[in-house]
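Colleague: Next comes data.txt, compact mmCIF, C-alpha atoms and all ligand atoms:
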```txt
# COMPACT_ATOMS: atom_id res chain seq x y z
CA MET A 1368 -2.12 -15.01 -23.81
CA ASN A 1369 -2.57 -11.67 -22.03
CA THR A 1370 -1.14 -11.35 -18.57
CA VAL A 1371 -1.41 -8.59 -16.03
CA PRO A 1372 1.56 -7.81 -13.78
CA LEU A 1373 0.53 -7.70 -10.14
CA LEU A 1374 2.45 -6.61 -7.13
CA ASN A 1375 2.10 -8.96 -4.20
CA THR A 1376 2.28 -6.46 -1.35
CA ALA A 1377 3.19 -9.12 1.20
CA ASP A 1378 6.61 -9.76 -0.30
CA ALA A 1379 6.66 -7.17 -3.11
CA ARG A 1380 7.16 -9.87 -5.78
CA PRO A 1381 5.47 -9.12 -9.10
CA LEU A 1382 3.04 -11.90 -9.97
CA GLN A 1383 1.57 -12.77 -13.35
CA PHE A 1384 -1.89 -14.22 -13.72
CA PRO A 1385 -3.29 -15.10 -17.10
CA ILE A 1386 -6.53 -13.41 -18.11
CA PRO A 1387 -9.06 -16.28 -18.23
CA ALA A 1388 -10.48 -17.20 -21.61
CA ASN A 1389 -13.67 -15.42 -22.76
CA VAL A 1390 -13.31 -12.62 -20.23
CA TYR A 1391 -12.90 -8.92 -20.99
CA ALA A 1392 -9.95 -7.12 -19.31
CA GLN A 1393 -10.91 -3.44 -18.94
CA SER A 1394 -9.16 -0.38 -17.48
CA VAL A 1395 -10.38 1.62 -14.51
CA VAL A 1396 -11.21 5.16 -15.64
CA SER A 1397 -12.28 6.71 -12.33
CA VAL A 1398 -13.02 5.78 -8.71
CA ARG A 1399 -15.01 7.69 -6.10
CA HIS A 1400 -15.39 6.75 -2.46
CA TYR A 1401 -18.62 7.96 -0.84
CA THR A 1402 -18.33 6.41 2.61
CA GLU A 1403 -16.38 3.68 4.36
CA ARG A 1404 -18.97 1.24 2.96
CA LEU A 1405 -19.71 2.55 -0.54
CA PHE A 1406 -17.77 3.52 -3.66
CA SER A 1407 -18.36 3.86 -7.39
CA PHE A 1408 -16.02 3.26 -10.31
CA ARG A 1409 -16.03 3.51 -14.07
CA ILE A 1410 -14.21 1.23 -16.51
CA THR A 1411 -13.68 1.26 -20.26
CA ARG A 1412 -16.45 -0.47 -22.20
CA PRO A 1413 -15.61 -3.38 -24.47
CA GLN A 1414 -16.86 -2.44 -27.93
CA SER A 1415 -18.62 -5.76 -28.39
CA LEU A 1416 -20.56 -5.66 -25.06
CA ARG A 1417 -24.30 -5.25 -25.55
CA PHE A 1418 -26.65 -4.88 -22.59
CA ARG A 1419 -30.07 -3.54 -21.70
CA SER A 1420 -30.17 -0.70 -19.16
CA GLY A 1421 -30.85 -2.29 -15.76
CA GLU A 1422 -28.94 -5.53 -16.43
CA PHE A 1423 -25.93 -6.87 -14.51
CA VAL A 1424 -22.52 -8.29 -15.49
CA MET A 1425 -20.04 -10.47 -13.60
CA ILE A 1426 -16.99 -8.55 -12.35
CA GLY A 1427 -13.65 -9.89 -11.05
CA LEU A 1428 -10.00 -8.97 -10.56
CA PRO A 1429 -6.91 -10.50 -12.19
CA ASN A 1430 -5.51 -11.45 -8.79
CA ALA A 1431 -5.77 -15.24 -8.89
CA GLU A 1432 -5.55 -18.19 -11.22
CA LYS A 1433 -9.33 -18.57 -10.85
CA PRO A 1434 -10.63 -15.09 -10.03
CA VAL A 1435 -13.73 -14.56 -7.90
CA PHE A 1436 -16.59 -13.03 -9.93
CA ARG A 1437 -19.61 -11.23 -8.48
CA ALA A 1438 -22.77 -9.84 -10.08
CA TYR A 1439 -22.77 -6.06 -10.53
CA SER A 1440 -25.62 -4.03 -11.96
CA VAL A 1441 -24.35 -1.67 -14.62
CA ALA A 1442 -25.15 1.83 -13.32
CA SER A 1443 -24.51 3.60 -16.63
CA PRO A 1444 -27.05 3.52 -19.45
CA SER A 1445 -26.68 1.23 -22.46
CA TRP A 1446 -25.64 4.14 -24.72
CA ASP A 1447 -22.66 5.19 -22.55
CA ASP A 1448 -19.15 4.44 -23.82
CA GLU A 1449 -17.93 3.65 -20.29
CA LEU A 1450 -19.38 1.29 -17.68
CA GLU A 1451 -20.19 2.58 -14.19
CA PHE A 1452 -20.70 0.49 -11.04
CA PHE A 1453 -21.76 1.33 -7.48
CA SER A 1454 -20.31 -1.06 -4.92
CA ILE A 1455 -20.35 -1.94 -1.29
CA LYS A 1456 -17.03 -2.53 0.53
CA VAL A 1457 -17.07 -5.64 2.66
CA PRO A 1458 -13.85 -5.86 4.74
CA ASP A 1459 -13.55 -9.63 4.32
CA GLY A 1460 -15.63 -9.92 1.11
CA PRO A 1461 -14.00 -12.28 -1.40
CA LEU A 1462 -14.10 -9.62 -4.13
CA THR A 1463 -14.82 -6.22 -2.55
CA SER A 1464 -12.02 -6.44 0.03
CA GLU A 1465 -9.67 -6.09 -2.98
CA LEU A 1466 -11.92 -4.27 -5.44
CA GLN A 1467 -12.23 -1.31 -3.06
CA LYS A 1468 -8.49 -0.68 -3.56
CA ILE A 1469 -8.62 -0.21 -7.34
CA GLU A 1470 -7.11 2.92 -8.86
CA ILE A 1471 -7.19 4.58 -12.27
CA GLY A 1472 -5.43 2.41 -14.85
CA ASP A 1473 -5.92 -0.89 -12.96
CA THR A 1474 -7.44 -3.88 -14.74
CA VAL A 1475 -10.93 -5.18 -13.94
CA LEU A 1476 -12.22 -8.43 -15.43
CA MET A 1477 -15.72 -8.83 -16.78
CA ARG A 1478 -17.52 -11.86 -18.16
CA GLN A 1479 -18.94 -11.24 -21.60
CA LYS A 1480 -22.65 -11.68 -20.98
CA ALA A 1481 -25.04 -9.17 -19.41
CA THR A 1482 -28.36 -10.37 -18.02
CA GLY A 1483 -31.07 -9.51 -15.50
CA THR A 1484 -34.73 -8.91 -14.84
CA LEU A 1485 -34.78 -5.18 -14.01
CA VAL A 1486 -35.46 -4.16 -17.59
CA VAL A 1487 -38.36 -2.11 -18.91
CA ASP A 1488 -39.17 -4.88 -21.42
CA ALA A 1489 -40.19 -7.13 -18.50
CA LEU A 1490 -42.96 -4.65 -17.60
CA THR A 1491 -46.13 -3.81 -19.47
CA PRO A 1492 -46.61 -0.07 -20.21
CA ALA A 1493 -48.16 2.14 -17.53
CA LYS A 1494 -48.42 5.72 -16.34
CA ARG A 1495 -46.05 5.62 -13.36
CA LEU A 1496 -42.91 3.59 -12.67
CA PHE A 1497 -41.79 3.13 -9.05
CA MET A 1498 -38.13 2.18 -8.57
CA ILE A 1499 -37.72 0.94 -5.00
CA SER A 1500 -34.11 0.63 -3.84
CA THR A 1501 -31.95 0.30 -0.76
CA GLY A 1502 -28.15 0.66 -0.51
CA THR A 1503 -26.31 -0.27 -3.72
CA GLY A 1504 -29.65 -1.42 -5.13
CA VAL A 1505 -29.95 2.06 -6.62
CA ALA A 1506 -27.35 1.12 -9.29
CA PRO A 1507 -29.61 -0.42 -11.96
CA PHE A 1508 -31.95 2.56 -11.58
CA ALA A 1509 -29.04 4.92 -12.24
CA SER A 1510 -28.81 3.15 -15.58
CA LEU A 1511 -32.54 3.15 -16.31
CA LEU A 1512 -33.00 6.80 -15.32
CA ARG A 1513 -30.49 7.80 -18.00
CA ASP A 1514 -32.11 5.70 -20.73
CA PRO A 1515 -34.62 7.37 -23.09
CA ASP A 1516 -36.58 4.06 -23.37
CA THR A 1517 -37.67 4.43 -19.74
CA TYR A 1518 -39.32 7.76 -20.54
CA GLU A 1519 -40.96 6.38 -23.66
CA LYS A 1520 -42.74 3.74 -21.63
CA PHE A 1521 -43.65 5.69 -18.48
CA ASP A 1522 -44.84 9.27 -17.86
CA GLN A 1523 -43.73 9.66 -14.25
CA ILE A 1524 -40.91 7.94 -12.38
CA VAL A 1525 -40.50 7.79 -8.61
CA LEU A 1526 -37.13 6.55 -7.32
CA THR A 1527 -37.06 5.59 -3.65
CA HIS A 1528 -33.66 5.13 -2.03
CA THR A 1529 -33.29 4.16 1.61
CA CYS A 1530 -29.90 3.80 3.29
CA ARG A 1531 -28.54 3.48 6.77
CA ASP A 1532 -27.20 7.06 6.88
CA ASN A 1533 -27.28 10.35 4.98
CA ALA A 1534 -23.87 10.03 3.33
CA GLU A 1535 -24.99 6.79 1.66
CA LEU A 1536 -27.75 8.70 -0.13
CA THR A 1537 -25.31 10.97 -1.99
CA TYR A 1538 -24.85 8.79 -5.07
CA GLY A 1539 -28.58 8.69 -5.85
CA GLN A 1540 -29.09 12.36 -5.02
CA GLU A 1541 -26.32 13.48 -7.36
CA LEU A 1542 -27.60 11.18 -10.06
CA VAL A 1543 -31.12 12.62 -9.98
CA ALA A 1544 -29.81 16.18 -9.69
CA SER A 1545 -27.69 15.66 -12.81
CA LEU A 1546 -30.51 14.37 -15.02
CA GLU A 1547 -31.99 17.66 -16.15
CA ALA A 1548 -28.58 19.08 -17.10
CA ASP A 1549 -27.73 16.02 -19.19
CA PRO A 1550 -27.42 17.06 -22.84
CA LEU A 1551 -28.74 13.73 -24.09
CA ILE A 1552 -31.74 13.09 -21.86
CA GLY A 1553 -32.21 16.35 -19.92
CA GLU A 1554 -35.27 17.52 -21.81
CA LEU A 1555 -36.94 14.11 -21.63
CA THR A 1556 -36.55 13.84 -17.87
CA SER A 1557 -37.64 17.37 -16.99
CA GLY A 1558 -40.36 17.35 -14.32
CA ARG A 1559 -40.86 13.59 -14.59
CA VAL A 1560 -38.52 12.15 -11.95
CA THR A 1561 -39.12 12.30 -8.18
CA LEU A 1562 -36.54 11.14 -5.63
CA TYR A 1563 -37.81 9.87 -2.27
CA ASN A 1564 -35.08 9.34 0.35
CA SER A 1565 -35.09 7.95 3.84
CA THR A 1566 -32.52 6.79 6.38
CA THR A 1567 -32.85 4.14 9.04
CA ARG A 1568 -29.82 4.51 11.31
CA GLU A 1569 -29.07 8.22 11.30
CA GLU A 1570 -31.32 11.22 11.93
CA SER A 1571 -32.56 12.79 8.70
CA GLU A 1572 -35.53 14.66 7.29
CA ARG A 1573 -37.29 11.36 6.76
CA MET A 1574 -36.64 8.18 8.65
CA GLY A 1575 -37.82 4.61 8.22
CA ARG A 1576 -37.75 1.62 5.91
CA ILE A 1577 -39.60 2.08 2.63
CA THR A 1578 -41.93 -0.81 3.47
CA GLY A 1579 -43.16 0.96 6.60
CA LEU A 1580 -43.42 4.31 4.83
CA ILE A 1581 -45.63 2.75 2.13
CA GLU A 1582 -47.73 0.71 4.54
CA THR A 1583 -48.55 3.66 6.79
CA GLY A 1584 -49.39 5.82 3.77
CA LYS A 1585 -46.74 8.39 4.67
CA PHE A 1586 -45.06 7.75 1.31
CA TYR A 1587 -48.21 8.85 -0.53
CA SER A 1588 -48.93 11.86 1.67
CA ASP A 1589 -45.30 13.05 1.56
CA LEU A 1590 -45.35 13.03 -2.25
CA ASP A 1591 -49.04 13.94 -2.56
CA ILE A 1592 -49.66 11.07 -4.98
CA GLU A 1593 -52.30 8.39 -5.51
CA PRO A 1594 -51.59 5.03 -3.82
CA LEU A 1595 -49.84 2.26 -5.77
CA ASN A 1596 -52.27 0.63 -8.16
CA PRO A 1597 -51.56 -2.14 -10.71
CA GLU A 1598 -53.92 -0.43 -13.18
CA THR A 1599 -51.69 2.62 -13.48
CA ASP A 1600 -48.32 1.66 -12.01
CA ARG A 1601 -45.31 -0.63 -12.38
CA ILE A 1602 -42.69 -1.44 -9.74
CA MET A 1603 -39.00 -2.38 -9.94
CA ILE A 1604 -37.33 -3.55 -6.73
CA CYS A 1605 -33.60 -3.83 -5.94
CA GLY A 1606 -31.97 -4.30 -2.55
CA SER A 1607 -30.89 -6.95 -0.05
CA MET A 1608 -32.55 -10.37 0.04
CA HIS A 1609 -34.77 -9.47 2.99
CA MET A 1610 -35.73 -6.15 1.44
CA LEU A 1611 -36.72 -7.93 -1.78
CA GLN A 1612 -38.85 -10.44 0.09
CA ASP A 1613 -40.66 -7.73 2.04
CA VAL A 1614 -41.24 -5.31 -0.85
CA LYS A 1615 -42.29 -8.15 -3.14
CA ALA A 1616 -44.82 -9.34 -0.54
CA LEU A 1617 -46.11 -5.78 -0.27
CA ALA A 1618 -46.43 -5.44 -4.06
CA GLU A 1619 -48.31 -8.75 -4.26
CA LYS A 1620 -50.61 -7.68 -1.44
CA LEU A 1621 -51.43 -4.59 -3.49
CA GLY A 1622 -52.37 -6.82 -6.44
CA PHE A 1623 -49.22 -6.52 -8.59
CA LYS A 1624 -48.07 -9.54 -10.64
CA GLU A 1625 -44.40 -10.38 -11.22
CA GLY A 1626 -43.13 -10.02 -14.79
CA SER A 1627 -40.21 -11.33 -16.85
CA LEU A 1628 -38.90 -10.83 -20.37
CA ALA A 1629 -40.89 -13.91 -21.45
CA ASN A 1630 -44.03 -12.73 -19.66
CA PRO A 1631 -44.01 -8.96 -19.05
CA ALA A 1632 -46.25 -7.92 -16.15
CA GLU A 1633 -46.45 -5.42 -13.29
CA PHE A 1634 -43.34 -5.72 -11.10
CA VAL A 1635 -39.79 -7.11 -11.26
CA VAL A 1636 -37.18 -7.80 -8.57
CA GLU A 1637 -33.41 -8.24 -8.44
CA ARG A 1638 -31.03 -8.74 -5.59
CA ALA A 1639 -28.42 -6.02 -5.12
CA PHE A 1640 -24.86 -7.22 -4.87
CA VAL A 1641 -23.79 -8.28 -1.35
CA GLY A 1642 -20.37 -9.52 -0.26
P1 LIG B 1 -32.21 -1.06 8.51
O1 LIG B 1 -31.13 -0.08 8.90
O2 LIG B 1 -33.45 -0.92 9.35
O3 LIG B 1 -31.71 -2.47 8.42
P2 LIG B 1 -28.10 -2.51 3.91
O4 LIG B 1 -27.02 -1.47 3.69
O5 LIG B 1 -27.91 -3.36 5.12
O6 LIG B 1 -28.41 -3.31 2.67
O7 LIG B 1 -29.42 -1.66 4.21
C1 LIG B 1 -29.83 -0.66 3.34
C2 LIG B 1 -31.16 -0.14 3.83
O8 LIG B 1 -32.16 -1.16 3.61
C3 LIG B 1 -31.18 0.18 5.31
O9 LIG B 1 -31.79 1.43 5.48
C4 LIG B 1 -31.99 -0.95 5.88
O10 LIG B 1 -32.71 -0.62 7.04
C5 LIG B 1 -32.95 -1.24 4.77
N1 LIG B 1 -33.55 -2.59 4.88
C6 LIG B 1 -32.95 -3.69 5.33
N2 LIG B 1 -33.80 -4.74 5.32
C7 LIG B 1 -34.96 -4.28 4.82
C8 LIG B 1 -36.24 -4.87 4.59
N3 LIG B 1 -36.46 -6.17 4.85
N4 LIG B 1 -37.21 -4.11 4.08
C9 LIG B 1 -37.01 -2.80 3.83
N5 LIG B 1 -35.83 -2.17 4.05
C10 LIG B 1 -34.81 -2.89 4.55
```
Just give me the structure as C-alpha cells.

Modeller:
Amino acid sequence: MNTVPLLNTADARPLQFPIPANVYAQSVVSVRHYTERLFSFRITRPQSLRFRSGEFVMIGLPNAEKPVFRAYSVASPSWDDELEFFSIKVPDGPLTSELQKIEIGDTVLMRQKATGTLVVDALTPAKRLFMISTGTGVAPFASLLRDPDTYEKFDQIVLTHTCRDNAELTYGQELVASLEADPLIGELTSGRVTLYNSTTREESERMGRITGLIETGKFYSDLDIEPLNPETDRIMICGSMHMLQDVKALAEKLGFKEGSLANPAEFVVERAFVG
C-alpha cells in the first residue's frame, strides 16, 4: 500500500497515512496565491482520468485516516496534461485550511470519477453562450473557454465574473487575456469572447451584483448587445448557493429552461465550492 510521509508540525513527528483505495495520489506542480481568500494550483493528471470540460472532481489531502474530500471544478480543459483548480481559502474550512498550505511536490488526493452539469452537452446549440460566475465559480468556465468544443457549439461567448474586490478578478482576467495567444485554441477564440467584470465591495469601473446589472439593463447597454433570449442564447451559472438561486430565477423569468445531459435545454447551474 502507498503511504505518504507527513510532518505533524505540532510535535514534528512524521506521520504515515495510507492512501485510501480507489483514489489517485497526484503531485502539486504549481501554486499561485491571488489574495488572502483565493489561490490556484496545478497537479499532475492521472493518465486514466477522463472528464468533460466543466466537470468537477473530489479533492482531498493525505492528512488523515479518512481524508475530507470536497468538490472542485477542474479549471483546465479536458485536453490538458495537468489539472488546474481555483480555490477559496477558508480559515477554519475542513479542507481549505490545510489545502491553502500546499507546495510544489506535495501530494493531493483525488477520487477517480469526474461529474457535473456545466457541460456543453447539457445545452442545445445556440448563437451566444453566457457564462455567469461569481468568486471561484469562474473555474469551470476557465476549462470550457479553453475547449474547442465550446466554440463549435456557440459563436459568441460572454463570461461574467463578479467578485468582492478587484484583486479577486485577476484569475479570470488573465485567463481571458491568454486565450488569443494560446497556440491550440487562439485562432478559434479570436474576437469571440467577451469578459464582463464587476465588484461589489470595492470601488471599480463597474460595481454591482450581476443580477442587478442584468435586471436594470446596464449589462446589455455596457456591452451593446441584445437582451438575453432563449431563442438565441444559452446560460451556464456557477457561484454560491444564493447566487445560483437568484440567477436561476432570473433565467427562468426570461423564459429559459434548465437542461441536463439526459435532457439538454437552455441553461445549467452548478454550485461553486464553498468551505
Ligand atoms: P456581495 O458582495 O454583494 O455579497 P462570495 O465571495 O461571497 O461568494 O461572493 C462573490 C460575489 O458574488 C460577490 O461579489 C457577491 O456580492 C456576489 N453575490 C453574492 N450573493 C449573490 C447573489 N445572491 N446574487 C448575485 N451575486 C451574489

Colleague: Could I get the residue neighbourhood of ligand LIG 1 (chain B) at 6 Å, counting all atoms listed in the file, as a list in words?

Modeller: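 Residues lying within 6 Å of ligand LIG 1 (chain B): Thr1501, Gly1502, Thr1529, Cys1530, Arg1531, Thr1566, Thr1567, Arg1568, Arg1576, Ile1577, Thr1578, Ser1607, His1609, Met1610 and Asp1613 of chain A.
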
Colleague: State, in Å with one decimal place, the distance from CA of Pro1458 in chain A to CA of Pro1413 in chain A.

Modeller: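 Interatomic distance here is 29.4 Å.
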
Colleague: Using only C-alpha atoms, pick whichever of A:Thr1491, A:Ser1397, A:Ser1407, A:Thr1482 has the shortest atom-to-atom distance to Thr1463 in chain A.

Modeller: A:Ser1407

Colleague: Which one of A:Lys1520, A:Arg1601, A:Lys1480, A:His1528 sits closest to Val1505 in chain A if you count all atoms listed in the file?

Modeller: A:His1528

Colleague: For a test of reading the model, state the distance in Å between CA of Val1487 in chain A and CA of Thr1517 in chain A, rounded to one decimal.

Modeller: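 Result for CA of Val1487 in chain A versus CA of Thr1517 in chain A: 6.6 Å, one decimal.
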
Colleague: Check which residues of range 1486-1605 of chain A sit at most 10 Å from range 1615-1619 of chain A using only C-alpha atoms, and return one row each with the closest pair of atoms and their distance in Å to one decimal, ordered by chain and rising number, as JSON lines.

Modeller:
```
{"residue": "A:Thr1578", "atom": "CA", "partner": "A:Leu1617", "partner_atom": "CA", "distance": 7.5}
{"residue": "A:Ile1581", "atom": "CA", "partner": "A:Leu1617", "partner_atom": "CA", "distance": 8.9}
{"residue": "A:Glu1582", "atom": "CA", "partner": "A:Leu1617", "partner_atom": "CA", "distance": 8.2}
{"residue": "A:Leu1595", "atom": "CA", "partner": "A:Ala1618", "partner_atom": "CA", "distance": 8.6}
{"residue": "A:Asn1596", "atom": "CA", "partner": "A:Ala1618", "partner_atom": "CA", "distance": 9.4}
{"residue": "A:Pro1597", "atom": "CA", "partner": "A:Ala1618", "partner_atom": "CA", "distance": 9.0}
{"residue": "A:Arg1601", "atom": "CA", "partner": "A:Ala1618", "partner_atom": "CA", "distance": 9.7}
{"residue": "A:Ile1602", "atom": "CA", "partner": "A:Ala1618", "partner_atom": "CA", "distance": 7.9}
{"residue": "A:Met1603", "atom": "CA", "partner": "A:Lys1615", "partner_atom": "CA", "distance": 9.5}
{"residue": "A:Ile1604", "atom": "CA", "partner": "A:Lys1615", "partner_atom": "CA", "distance": 7.7}
```

Colleague: Between CA of Glu1432 in chain A and CA of Asp1473 in chain A, what distance in Å does the model show, to one decimal?

Modeller: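 Taking CA of Glu1432 in chain A as the start and CA of Asp1473 in chain A as the end point, the length is 17.4 Å.
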
Colleague: With all atoms listed in the file as the atoms that count, which of A:Leu1542, A:Met1477, A:Leu1496, A:Ala1442 lies nearest to Glu1422 in chain A?

Modeller: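 Of the candidates, the smallest distance to Glu1422 in chain A is held by A:Ala1442.
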
Colleague: Which one is closest to Val1636 in chain A: A:Pro1387, A:Gly1504, A:Gly1575, A:Gly1427? Count all atoms listed in the file.

Modeller: A:Gly1504

Colleague: Using all atoms listed in the file, which residues sit within 12 Å of Ala1629 in chain A once same-chain residues fewer than 6 positions away are excluded, as a list in words?

Modeller: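 The contact residues come out as Thr1484, Val1486, Asp1488, Ala1489, Leu1490 and Thr1491 of chain A.
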
Colleague: Counting only C-alpha atoms, which of A:Gln1612, A:Gln1479, A:Thr1537, A:Ser1464 gets nearest to Gln1393 in chain A?

Modeller: A:Gln1479

Colleague: Rank nothing, just name the residue among A:Ser1500, A:Ser1510, A:Gln1540, A:Gln1383 nearest to Thr1527 in chain A, using only C-alpha atoms.

Modeller: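 Closest to Thr1527 in chain A, using only C-alpha atoms: A:Ser1500.
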
Colleague: Applying 7 Å and all atoms listed in the file, which residues near range 1429-1431 of chain A remain after dropping the ones on its own chain fewer than 4 positions away? List them as a PyMOL selection string.

Modeller: chain A and resi 1371+1384+1386+1475-1476

Colleague: Could those selected residues go to a file with C-alpha atoms, as a PDB file, keeping the file's coordinate frame?

Modeller:
```
ATOM      1  CA  VAL A1371      -1.410  -8.590 -16.030  1.00  0.00           C
ATOM      2  CA  PHE A1384      -1.890 -14.220 -13.720  1.00  0.00           C
ATOM      3  CA  ILE A1386      -6.530 -13.410 -18.110  1.00  0.00           C
ATOM      4  CA  VAL A1475     -10.930  -5.180 -13.940  1.00  0.00           C
ATOM      5  CA  LEU A1476     -12.220  -8.430 -15.430  1.00  0.00           C
TER       6      LEU A1476
END
```
